[in-house]
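This report refers to the structure that appears directly beneath it.
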Amino acid sequence: MNEELASQLEPLHADAFGWAVHCCGGDTHRAEDVLQTAYVKVLQGLAMYEARSAIKTWWFGLIRLTALEEFRRQRYRESLLGRLLATISPGEETVSPSPCPRGVIEADERTRAVRAQLASLPGRQAEVLHLVFYQDLSVVEAAAVMKVSVGSARQHYDRAKARMRELITTSNELSCHE
Amino acid sequence: MSEDQDLKDVFARLRAADRDRAPTFSLVTQRAVAAMRTNSQPRLSWAWWLAGAGGLAALAAFLLPIVSPPPPSLAGSLPVLLPQSGEGSMLFAGIDPGASAAMPSDFLIPAGLSIDIP
C-alpha cells in the first residue's frame, strides 16, 4: 500500500471497522477478517482508488463487496461440495461457520438492542441508516456505497427512519413497563 | 436540535461501542501483509489434485496390459481326459463302421423280409 493511500485510510479505520461489523451482522470476528481481506486487496493492487468518488465512499463500497464475498465463500464452505473439496485440498484455510463468542456477546445491553432493531429492518434500510447516522454520509454518498440510485436510497432512508423510530418507541415502552 | 437527533444519539452510542472494540490500524495492516505473503506462496489447489489423479489413472490404464499378461484360455487350461491315439481314430472304439451289418440271428427273420440299414 502506498503511503499516501495509507495516510488516507488510517483516519477512516475505526469507522471502517464499524461498517464491517454492520456488514457482518454484528460479528466482530468476521468483521476483522473482512477488513483484513479488504486491506489485502489494496496491498495486492486488486482494488485501486481512482479518485472518481470520495475515498470513504470507495473504501466502504470495497468493504461491503468483500463482506458479501466472504458470506458467499462461507456458505460454499458449509455446503457438501465445499466440505469435500476442503478434505481433498487441506491447504485451503477453513473458518468455523459458527460466529465467535466474542462477536456475539455485547457488553452494552442498549447497543445490543439497537443492533437487534437494525437487524430486524430490511437489509437496504439498515444499510442506509447506518451509513447516514453512524458514518455521517449523505444519502447520495450512501447510495454510491450501496450501489443503488439516489431515489431508491432516499426511499429506503425515509422508510427506515420511520420503522426504526417505531422499534425504539416500542422498546422504550416495554422497558418502562418492566 | 435537529429532527433526527434521537436517531443520531442511538447511533452515536453504537459507534462509541464499536470504537472501543476496533483493532488498531497497524495491527490489521500487519496481518494483511502477513496474509498476502502466505497467499503468494504456491499452494496445491484442488484443481491440481484432480489433474494429478487423472494423469495417474491414464498412466495405469496404459501400463496395466503390459505389466500383467492376459489370462490363459479355458480350453488350454483344462486337463485332457480322452487323448486321441492317432490320425483317424474313433472316439468310441466298440462301433466299427466297416463291419458287416449281418448278425448271427438273422436266419430267424423271414426270407422275404429285407431290411435296409443305412
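Going through the C-alpha cells in order, the chains are called A, B, and so on, while each chain numbers its residues from 1 and the ligands are numbered from 1 in the order shown.
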Return as a tab-separated table the residues of chain A lying at most 9 Å from chain B, together with the closest atom-to-atom pair for each and the distance in Å to one decimal, counting only C-alpha atoms, with rows in chain order and ascending residue number.
residue	atom	partner	partner_atom	distance
A:Leu9	CA	B:Phe25	CA	8.8
A:Glu10	CA	B:Phe25	CA	6.2
A:Pro11	CA	B:Phe25	CA	8.8
A:His13	CA	B:Phe25	CA	6.1
A:Ala14	CA	B:Arg19	CA	5.8
A:Asp15	CA	B:Arg19	CA	7.6
A:Phe17	CA	B:Ala22	CA	6.3
A:Gly18	CA	B:Asp18	CA	5.8
A:Val21	CA	B:Asp18	CA	8.2
A:Thr28	CA	B:Arg21	CA	8.2
A:Glu32	CA	B:Val28	CA	7.6
A:Asp33	CA	B:Val28	CA	8.9
A:Leu35	CA	B:Val28	CA	7.6
A:Gln36	CA	B:Ala32	CA	5.2
A:Thr37	CA	B:Ala32	CA	6.8
A:Ala38	CA	B:Ala32	CA	8.5
A:Tyr39	CA	B:Ala32	CA	6.0
A:Val40	CA	B:Ala32	CA	5.2
A:Lys41	CA	B:Met36	CA	8.8
A:Leu43	CA	B:Val33	CA	7.5
A:Gln44	CA	B:Met36	CA	7.5
A:Leu85	CA	B:Trp46	CA	6.7
A:Ala86	CA	B:Trp46	CA	8.3
A:Ile88	CA	B:Trp46	CA	6.5
A:Ser89	CA	B:Trp46	CA	5.2
A:Pro90	CA	B:Ser45	CA	8.8
A:Gly91	CA	B:Arg43	CA	7.0
A:Glu92	CA	B:Ser45	CA	7.8
A:Ala107	CA	B:Ala17	CA	8.6
A:Asp108	CA	B:Ala17	CA	7.7
A:Arg110	CA	B:Arg13	CA	8.5
A:Thr111	CA	B:Leu14	CA	5.6
A:Arg112	CA	B:Leu14	CA	8.6
A:Val114	CA	B:Val10	CA	7.4
A:Arg115	CA	B:Leu14	CA	8.1
A:Leu129	CA	B:Phe11	CA	9.0
A:His130	CA	B:Phe11	CA	7.6
A:Phe133	CA	B:Lys8	CA	5.6
A:Tyr134	CA	B:Phe11	CA	5.3
A:Gln135	CA	B:Arg15	CA	8.6
A:Lys161	CA	B:Leu7	CA	8.0
A:Met164	CA	B:Leu7	CA	8.2
A:Arg165	CA	B:Leu7	CA	7.7
Write the selection just made, keeping N, CA and C atoms, as a compact mmCIF listing (two decimals), in the first residue's frame?
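File written: out12.txt
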# COMPACT_ATOMS: atom_id res chain seq x y z
N LEU A 9 -6.42 6.14 4.57
CA LEU A 9 -7.26 5.07 5.13
C LEU A 9 -7.18 5.01 6.65
N GLU A 10 -6.06 5.42 7.21
CA GLU A 10 -5.89 5.29 8.66
C GLU A 10 -6.95 6.05 9.46
N PRO A 11 -7.25 7.32 9.11
CA PRO A 11 -8.29 8.01 9.89
C PRO A 11 -9.67 7.38 9.74
N HIS A 13 -10.18 4.18 9.71
CA HIS A 13 -10.11 2.78 10.14
C HIS A 13 -11.21 2.39 11.13
N ALA A 14 -11.40 3.21 12.16
CA ALA A 14 -12.39 2.84 13.19
C ALA A 14 -13.80 2.78 12.60
N ASP A 15 -14.12 3.76 11.77
CA ASP A 15 -15.44 3.75 11.13
C ASP A 15 -15.56 2.60 10.14
N PHE A 17 -14.16 -0.24 10.48
CA PHE A 17 -14.41 -1.43 11.29
C PHE A 17 -15.90 -1.50 11.67
N GLY A 18 -16.47 -0.36 12.06
CA GLY A 18 -17.90 -0.31 12.41
C GLY A 18 -18.77 -0.72 11.23
N VAL A 21 -18.45 -4.42 10.76
CA VAL A 21 -19.27 -5.12 11.77
C VAL A 21 -20.73 -5.14 11.32
N THR A 28 -18.00 -9.34 15.22
CA THR A 28 -16.75 -8.56 15.16
C THR A 28 -15.58 -9.39 14.64
N GLU A 32 -13.34 -8.33 11.43
CA GLU A 32 -11.87 -8.18 11.37
C GLU A 32 -11.32 -8.89 10.14
N ASP A 33 -11.82 -10.08 9.87
CA ASP A 33 -11.37 -10.84 8.69
C ASP A 33 -11.69 -10.09 7.40
N LEU A 35 -12.22 -6.86 7.01
CA LEU A 35 -11.40 -5.65 6.90
C LEU A 35 -9.98 -6.01 6.45
N GLN A 36 -9.46 -7.08 7.03
CA GLN A 36 -8.11 -7.54 6.66
C GLN A 36 -8.06 -7.92 5.17
N THR A 37 -9.09 -8.64 4.70
CA THR A 37 -9.14 -9.03 3.29
C THR A 37 -9.22 -7.80 2.38
N ALA A 38 -9.97 -6.80 2.83
CA ALA A 38 -10.07 -5.57 2.03
C ALA A 38 -8.70 -4.89 1.94
N TYR A 39 -7.95 -4.89 3.05
CA TYR A 39 -6.59 -4.31 3.02
C TYR A 39 -5.68 -5.13 2.10
N VAL A 40 -5.85 -6.45 2.12
CA VAL A 40 -5.04 -7.32 1.23
C VAL A 40 -5.30 -6.96 -0.23
N LYS A 41 -6.57 -6.72 -0.56
CA LYS A 41 -6.92 -6.34 -1.94
C LYS A 41 -6.21 -5.06 -2.34
N LEU A 43 -3.41 -3.90 -0.95
CA LEU A 43 -1.96 -4.17 -0.99
C LEU A 43 -1.57 -4.89 -2.28
N GLN A 44 -2.42 -5.79 -2.73
CA GLN A 44 -2.11 -6.56 -3.94
C GLN A 44 -2.43 -5.80 -5.22
N LEU A 85 -14.24 -30.79 -1.02
CA LEU A 85 -13.04 -30.22 -1.63
C LEU A 85 -12.04 -29.78 -0.55
N ALA A 86 -12.56 -29.36 0.59
CA ALA A 86 -11.68 -28.96 1.69
C ALA A 86 -10.87 -30.16 2.19
N ILE A 88 -10.00 -32.70 0.25
CA ILE A 88 -9.03 -33.03 -0.81
C ILE A 88 -7.87 -32.06 -0.75
N SER A 89 -8.18 -30.78 -0.58
CA SER A 89 -7.16 -29.74 -0.59
C SER A 89 -7.08 -29.10 0.79
N PRO A 90 -6.34 -29.70 1.73
CA PRO A 90 -6.32 -29.18 3.09
C PRO A 90 -5.59 -27.85 3.24
N GLY A 91 -4.89 -27.42 2.20
CA GLY A 91 -4.18 -26.15 2.27
C GLY A 91 -5.10 -24.96 2.37
N GLU A 92 -6.33 -25.14 1.89
CA GLU A 92 -7.31 -24.05 1.93
C GLU A 92 -7.68 -23.77 3.38
N ALA A 107 -21.14 -6.10 25.34
CA ALA A 107 -21.08 -5.64 26.73
C ALA A 107 -22.27 -4.75 27.04
N ASP A 108 -22.58 -3.90 26.12
CA ASP A 108 -23.62 -2.92 26.37
C ASP A 108 -24.99 -3.46 25.93
N ARG A 110 -27.81 -1.87 25.68
CA ARG A 110 -28.52 -0.96 24.78
C ARG A 110 -27.96 -1.07 23.35
N THR A 111 -26.66 -1.23 23.28
CA THR A 111 -26.03 -1.40 21.97
C THR A 111 -26.56 -2.65 21.29
N ARG A 112 -26.69 -3.68 22.09
CA ARG A 112 -27.19 -4.95 21.56
C ARG A 112 -28.63 -4.79 21.06
N VAL A 114 -30.01 -2.03 19.98
CA VAL A 114 -30.01 -1.24 18.74
C VAL A 114 -29.62 -2.13 17.57
N ARG A 115 -28.64 -2.98 17.79
CA ARG A 115 -28.20 -3.89 16.72
C ARG A 115 -29.33 -4.85 16.33
N LEU A 129 -29.45 3.57 6.98
CA LEU A 129 -29.47 4.20 8.30
C LEU A 129 -28.06 4.23 8.89
N HIS A 130 -27.37 3.10 8.78
CA HIS A 130 -26.01 3.03 9.33
C HIS A 130 -25.11 4.06 8.64
N PHE A 133 -26.45 7.82 9.66
CA PHE A 133 -26.39 8.25 11.05
C PHE A 133 -25.10 7.83 11.76
N TYR A 134 -24.58 6.70 11.41
CA TYR A 134 -23.36 6.22 12.07
C TYR A 134 -22.13 6.81 11.39
N GLN A 135 -22.15 6.78 10.05
CA GLN A 135 -20.96 7.19 9.30
C GLN A 135 -21.02 8.64 8.83
N LYS A 161 -36.15 5.24 8.72
CA LYS A 161 -36.25 6.15 9.88
C LYS A 161 -37.56 5.91 10.62
N MET A 164 -37.48 2.50 12.33
CA MET A 164 -36.55 2.47 13.46
C MET A 164 -37.14 3.22 14.66
N ARG A 165 -37.82 4.33 14.38
CA ARG A 165 -38.45 5.09 15.49
C ARG A 165 -39.54 4.24 16.15
task = Would you list the contacts of Arg154 (chain A) as a PyMOL selection string, taking every protein, DNA or RNA residue within 12 Å and counting only C-alpha atoms, but skipping same-chain residues closer than 6 positions in sequence?
result = chain A and resi 124-125+127-129+132+138-144+146+148+160-161
**OP:** Check region 13-79 of chain B with DSSP on the backbone and list each residue it calls alpha helix (DSSP H), as a ChimeraX atom specification.
**Re:** /B:13-21,25-40,46-67,74-77
Okay, now the selection with C-alpha atoms, as a CSV table (one decimal), in the first residue's frame?
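Result written to again_30.csv:
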chain,number,residue,atom,x,y,z
B,13,ARG,CA,-23.7,5.1,21.2
B,14,LEU,CA,-23.3,2.2,18.8
B,15,ARG,CA,-20.3,4.0,17.2
B,16,ALA,CA,-18.6,4.5,20.6
B,17,ALA,CA,-19.1,0.8,21.5
B,18,ASP,CA,-17.6,-0.3,18.2
B,19,ARG,CA,-14.6,2.1,18.5
B,20,ASP,CA,-13.8,0.5,21.9
B,21,ARG,CA,-13.6,-2.9,20.2
B,25,PHE,CA,-4.9,0.1,12.1
B,26,SER,CA,-1.3,-1.1,12.4
B,27,LEU,CA,-2.4,-4.5,13.7
B,28,VAL,CA,-4.9,-5.1,10.9
B,29,THR,CA,-2.5,-3.9,8.2
B,30,GLN,CA,0.3,-6.1,9.6
B,31,ARG,CA,-2.0,-9.1,9.5
B,32,ALA,CA,-3.0,-8.2,5.9
B,33,VAL,CA,0.7,-8.1,4.9
B,34,ALA,CA,1.3,-11.5,6.5
B,35,ALA,CA,-1.8,-12.9,4.8
B,36,MET,CA,-0.7,-11.5,1.5
B,37,ARG,CA,2.8,-13.2,1.8
B,38,THR,CA,1.1,-16.5,2.7
B,39,ASN,CA,-1.2,-16.3,-0.3
B,40,SER,CA,1.7,-15.5,-2.6
B,46,TRP,CA,-7.9,-28.9,-5.7
B,47,ALA,CA,-7.7,-28.4,-9.5
B,48,TRP,CA,-4.1,-29.7,-9.4
B,49,TRP,CA,-5.1,-32.6,-7.2
B,50,LEU,CA,-7.8,-33.6,-9.8
B,51,ALA,CA,-5.3,-33.2,-12.7
B,52,GLY,CA,-2.8,-35.4,-10.9
B,53,ALA,CA,-5.3,-38.1,-10.2
B,54,GLY,CA,-6.5,-38.1,-13.8
B,55,GLY,CA,-2.9,-38.4,-15.1
B,56,LEU,CA,-2.2,-41.3,-12.8
B,57,ALA,CA,-5.4,-43.1,-13.9
B,58,ALA,CA,-4.4,-42.7,-17.6
B,59,LEU,CA,-0.9,-44.0,-16.9
B,60,ALA,CA,-2.3,-47.0,-15.0
B,61,ALA,CA,-4.7,-47.8,-17.9
B,62,PHE,CA,-1.7,-47.7,-20.3
B,63,LEU,CA,0.7,-49.8,-18.2
B,64,LEU,CA,-1.7,-52.4,-16.8
B,65,PRO,CA,-1.9,-54.6,-20.0
B,66,ILE,CA,1.9,-54.5,-20.4
B,67,VAL,CA,2.7,-55.4,-16.8
B,74,LEU,CA,-10.2,-72.1,-20.8
B,75,ALA,CA,-9.6,-74.9,-23.4
B,76,GLY,CA,-5.9,-74.7,-22.8
B,77,SER,CA,-6.2,-74.8,-19.1
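Minimum atom-to-atom distance to Gln74 (chain A), evaluated using only C-alpha atoms, belongs to A:Arg30 out of A:Asp136, A:Arg30, A:Leu131, A:Ser149.
Reported to one decimal place, the separation of CA of Gly151 (chain A) from CA of Leu167 (chain A) is 24.4 Å.
Straight-line separation from CA of Phe60 (chain A) to CA of Arg159 (chain A): 22.6 Å.
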